[in-house]
$ cat entry-v4.csv   # CSV, C-alpha atoms
chain,number,residue,atom,x,y,z
Q,17,MET,CA,-19.9,-23.8,75.3
Q,18,ILE,CA,-17.4,-21.3,76.9
Q,19,TYR,CA,-17.4,-17.6,76.2
Q,20,THR,CA,-16.7,-14.4,78.1
Q,21,VAL,CA,-19.0,-11.4,79.0
Q,22,ASN,CA,-17.2,-8.2,80.0
Q,23,GLY,CA,-14.1,-10.3,80.9
Q,24,SER,CA,-16.0,-13.0,83.0
Q,25,THR,CA,-15.9,-16.5,81.7
Q,26,ARG,CA,-19.4,-18.0,81.1
Q,27,THR,CA,-20.6,-21.4,80.1
Q,28,GLY,CA,-24.0,-22.4,78.7
Q,29,GLY,CA,-26.1,-23.6,75.8
Q,30,PRO,CA,-26.7,-21.8,72.6
Q,31,LEU,CA,-28.1,-18.3,72.9
Q,32,THR,CA,-28.3,-15.2,70.7
Q,33,VAL,CA,-26.8,-11.8,71.4
Q,34,ALA,CA,-30.4,-10.5,72.1
Q,35,GLU,CA,-31.0,-13.2,74.6
Q,36,LEU,CA,-27.7,-12.5,76.3
Q,37,VAL,CA,-28.4,-8.7,76.4
Q,38,ASP,CA,-31.8,-9.4,77.9
Q,39,ALA,CA,-30.3,-11.6,80.6
Q,40,GLU,CA,-27.3,-9.3,81.4
Q,41,ALA,CA,-28.7,-5.8,81.0
Q,42,GLY,CA,-32.4,-6.3,81.5
Q,43,SER,CA,-33.3,-3.8,78.8
Q,44,ARG,CA,-32.0,-3.2,75.2
Q,45,GLU,CA,-32.4,0.5,75.5
Q,46,GLY,CA,-29.0,2.4,75.6
Q,47,VAL,CA,-27.0,-0.9,75.1
Q,48,ALA,CA,-24.1,-1.5,72.7
Q,49,VAL,CA,-22.5,-4.8,72.1
Q,50,ALA,CA,-19.1,-5.8,70.7
Q,51,ILE,CA,-18.0,-9.4,70.0
Q,52,ASN,CA,-14.3,-10.0,69.5
Q,53,ALA,CA,-13.8,-6.2,69.4
Q,54,GLN,CA,-16.3,-5.7,66.6
Q,55,VAL,CA,-19.4,-3.7,67.2
Q,56,VAL,CA,-22.6,-5.7,66.5
Q,57,PRO,CA,-25.5,-3.5,65.4
Q,58,ALA,CA,-28.9,-4.2,67.1
Q,59,SER,CA,-30.2,-5.3,63.8
Q,60,ARG,CA,-27.8,-8.3,63.9
Q,61,TRP,CA,-28.5,-9.4,67.5
Q,62,HIS,CA,-30.1,-12.5,66.2
Q,63,ARG,CA,-26.5,-13.7,65.7
Q,64,PRO,CA,-25.7,-16.7,68.0
Q,65,ILE,CA,-22.9,-16.5,70.5
Q,66,ALA,CA,-20.1,-18.9,69.5
Q,67,GLU,CA,-17.6,-20.9,71.4
Q,68,GLY,CA,-14.8,-18.7,72.5
Q,69,ASP,CA,-16.5,-15.3,71.7
Q,70,ALA,CA,-15.5,-12.3,73.8
Q,71,VAL,CA,-18.6,-10.3,74.4
Q,72,ASP,CA,-18.6,-6.7,75.7
Q,73,ILE,CA,-22.0,-5.3,76.7
Q,74,LEU,CA,-21.9,-1.5,77.3
Q,75,THR,CA,-24.7,0.5,78.8
Q,76,ALA,CA,-25.0,4.2,78.4
Q,77,VAL,CA,-25.4,6.2,81.6
Q,78,GLN,CA,-26.4,9.8,82.0
Q,79,GLY,CA,-24.6,12.2,84.1
Q,80,GLY,CA,-21.7,14.6,84.0
$ encode --input "entry-v4.csv" --output "structure tokens"
Amino acid sequence: MIYTVNGSTRTGGPLTVAELVDAEAGSREGVAVAINAQVVPASRWHRPIAEGDAVDILTAVQGG
């Protein structure tokens, strides 16, 4: 399966949004996810990543 994460092409077996966030961000706190330009609420992170999905993982940072 081929998909992208923050613009980088990835390949791999089936995984859920939650599994991808855990692998990429290390923590779910302060993280937002969009798939194919649609925000995915944390309550729906059980959704599997599909072939061709464009995933954006955003992490909130503090500062000013």
$ residues_around --input "entry-v4.csv" --residues "region 43-52 of chain Q" --least-positions-apart "5" --cutoff "8 Å" --atoms "only C-alpha atoms" --output "list in words"
Val37, Asp38, Pro57, Ala58, Asp69, Ala70, Val71, Asp72, Ile73, Leu74, Thr75, Ala76 and Val77 of chain Q
$ atom_distance --input "entry-v4.csv" --atom1 "CA of Met17 (chain Q)" --atom2 "CA of Ala53 (chain Q)"
19.5 Å
$ closest_residue --input "entry-v4.csv" --among "Q:Ile18, Q:Val55, Q:Arg60, Q:Ile65" --to "Thr32 (chain Q)" --atoms "all atoms listed in the file"
Q:Ile65
$ atom_distance --input "entry-v4.csv" --atom1 "CA of Asn22 (chain Q)" --atom2 "CA of Leu36 (chain Q)"
11.9 Å
$ residues_near_point --input "entry-v4.csv" --point "(-29.3, -18.1, 70.9)" --cutoff "8 Å" --atoms "all atoms listed in the file" --output "tab-separated table (two decimals) with C-alpha atoms, in the frame of the given file"
chain	number	residue	atom	x	y	z
Q	30	PRO	CA	-26.70	-21.80	72.60
Q	31	LEU	CA	-28.10	-18.30	72.90
Q	32	THR	CA	-28.30	-15.20	70.70
Q	33	VAL	CA	-26.80	-11.80	71.40
Q	34	ALA	CA	-30.40	-10.50	72.10
Q	35	GLU	CA	-31.00	-13.20	74.60
Q	36	LEU	CA	-27.70	-12.50	76.30
Q	62	HIS	CA	-30.10	-12.50	66.20
Q	63	ARG	CA	-26.50	-13.70	65.70
Q	64	PRO	CA	-25.70	-16.70	68.00
Q	65	ILE	CA	-22.90	-16.50	70.50
$ atom_distance --input "entry-v4.csv" --atom1 "CA of Gly29 (chain Q)" --atom2 "CA of Gln54 (chain Q)"
22.4 Å
$ build_atoms --input "entry-v4.csv" --residues "region 31-42 of chain Q" --atoms "all heavy atoms" --output "CSV table (one decimal), in the frame of the given file"
chain,number,residue,atom,x,y,z
Q,31,LEU,N,-27.2,-19.5,72.7
Q,31,LEU,CA,-28.1,-18.3,72.9
Q,31,LEU,C,-27.7,-17.2,71.9
Q,31,LEU,O,-26.5,-17.2,71.4
Q,31,LEU,CB,-28.1,-17.8,74.3
Q,31,LEU,CG,-26.8,-17.0,74.8
Q,31,LEU,CD1,-27.2,-16.2,76.0
Q,31,LEU,CD2,-25.8,-18.0,75.2
Q,32,THR,N,-28.6,-16.3,71.6
Q,32,THR,CA,-28.3,-15.2,70.7
Q,32,THR,C,-27.8,-14.0,71.5
Q,32,THR,O,-27.9,-13.9,72.7
Q,32,THR,CB,-29.5,-14.8,69.9
Q,32,THR,OG1,-30.5,-14.2,70.8
Q,32,THR,CG2,-30.1,-16.0,69.1
Q,33,VAL,N,-27.3,-13.0,70.7
Q,33,VAL,CA,-26.8,-11.8,71.4
Q,33,VAL,C,-28.0,-11.1,72.1
Q,33,VAL,O,-27.9,-10.7,73.2
Q,33,VAL,CB,-26.2,-10.8,70.3
Q,33,VAL,CG1,-25.9,-9.5,70.9
Q,33,VAL,CG2,-25.0,-11.4,69.6
Q,34,ALA,N,-29.2,-11.1,71.4
Q,34,ALA,CA,-30.4,-10.5,72.1
Q,34,ALA,C,-30.7,-11.2,73.4
Q,34,ALA,O,-31.0,-10.5,74.4
Q,34,ALA,CB,-31.5,-10.5,71.1
Q,35,GLU,N,-30.7,-12.5,73.4
Q,35,GLU,CA,-31.0,-13.2,74.6
Q,35,GLU,C,-30.0,-12.9,75.7
Q,35,GLU,O,-30.3,-12.7,76.9
Q,35,GLU,CB,-31.0,-14.7,74.4
Q,35,GLU,CG,-32.2,-15.1,73.5
Q,35,GLU,CD,-32.1,-16.6,73.0
Q,35,GLU,OE1,-31.0,-17.1,72.8
Q,35,GLU,OE2,-33.2,-17.1,72.7
Q,36,LEU,N,-28.7,-12.8,75.3
Q,36,LEU,CA,-27.7,-12.5,76.3
Q,36,LEU,C,-27.8,-11.1,76.9
Q,36,LEU,O,-27.8,-10.8,78.1
Q,36,LEU,CB,-26.3,-12.6,75.7
Q,36,LEU,CG,-25.1,-12.4,76.6
Q,36,LEU,CD1,-25.1,-13.3,77.8
Q,36,LEU,CD2,-23.8,-12.5,75.8
Q,37,VAL,N,-28.2,-10.1,76.0
Q,37,VAL,CA,-28.4,-8.7,76.4
Q,37,VAL,C,-29.6,-8.7,77.4
Q,37,VAL,O,-29.5,-8.0,78.4
Q,37,VAL,CB,-28.6,-7.8,75.2
Q,37,VAL,CG1,-29.2,-6.4,75.7
Q,37,VAL,CG2,-27.3,-7.6,74.4
Q,38,ASP,N,-30.7,-9.4,77.0
Q,38,ASP,CA,-31.8,-9.4,77.9
Q,38,ASP,C,-31.5,-9.9,79.3
Q,38,ASP,O,-31.9,-9.4,80.3
Q,38,ASP,CB,-32.9,-10.2,77.3
Q,38,ASP,CG,-33.6,-9.6,76.1
Q,38,ASP,OD1,-33.4,-8.3,75.9
Q,38,ASP,OD2,-34.3,-10.3,75.3
Q,39,ALA,N,-30.7,-11.0,79.3
Q,39,ALA,CA,-30.3,-11.6,80.6
Q,39,ALA,C,-29.3,-10.7,81.4
Q,39,ALA,O,-29.4,-10.6,82.6
Q,39,ALA,CB,-29.7,-13.0,80.4
Q,40,GLU,N,-28.4,-10.1,80.7
Q,40,GLU,CA,-27.3,-9.3,81.4
Q,40,GLU,C,-27.8,-7.9,81.7
Q,40,GLU,O,-27.4,-7.4,82.8
Q,40,GLU,CB,-26.1,-9.3,80.6
Q,40,GLU,CG,-25.4,-10.6,80.4
Q,40,GLU,CD,-24.8,-11.2,81.7
Q,40,GLU,OE1,-24.2,-10.4,82.4
Q,40,GLU,OE2,-24.9,-12.4,81.9
Q,41,ALA,N,-28.4,-7.2,80.8
Q,41,ALA,CA,-28.7,-5.8,81.0
Q,41,ALA,C,-30.2,-5.5,81.4
Q,41,ALA,O,-30.5,-4.5,81.9
Q,41,ALA,CB,-28.4,-5.0,79.7
Q,42,GLY,N,-31.0,-6.5,81.1
Q,42,GLY,CA,-32.4,-6.3,81.5
Q,42,GLY,C,-33.3,-5.5,80.6
Q,42,GLY,O,-34.5,-5.5,80.6
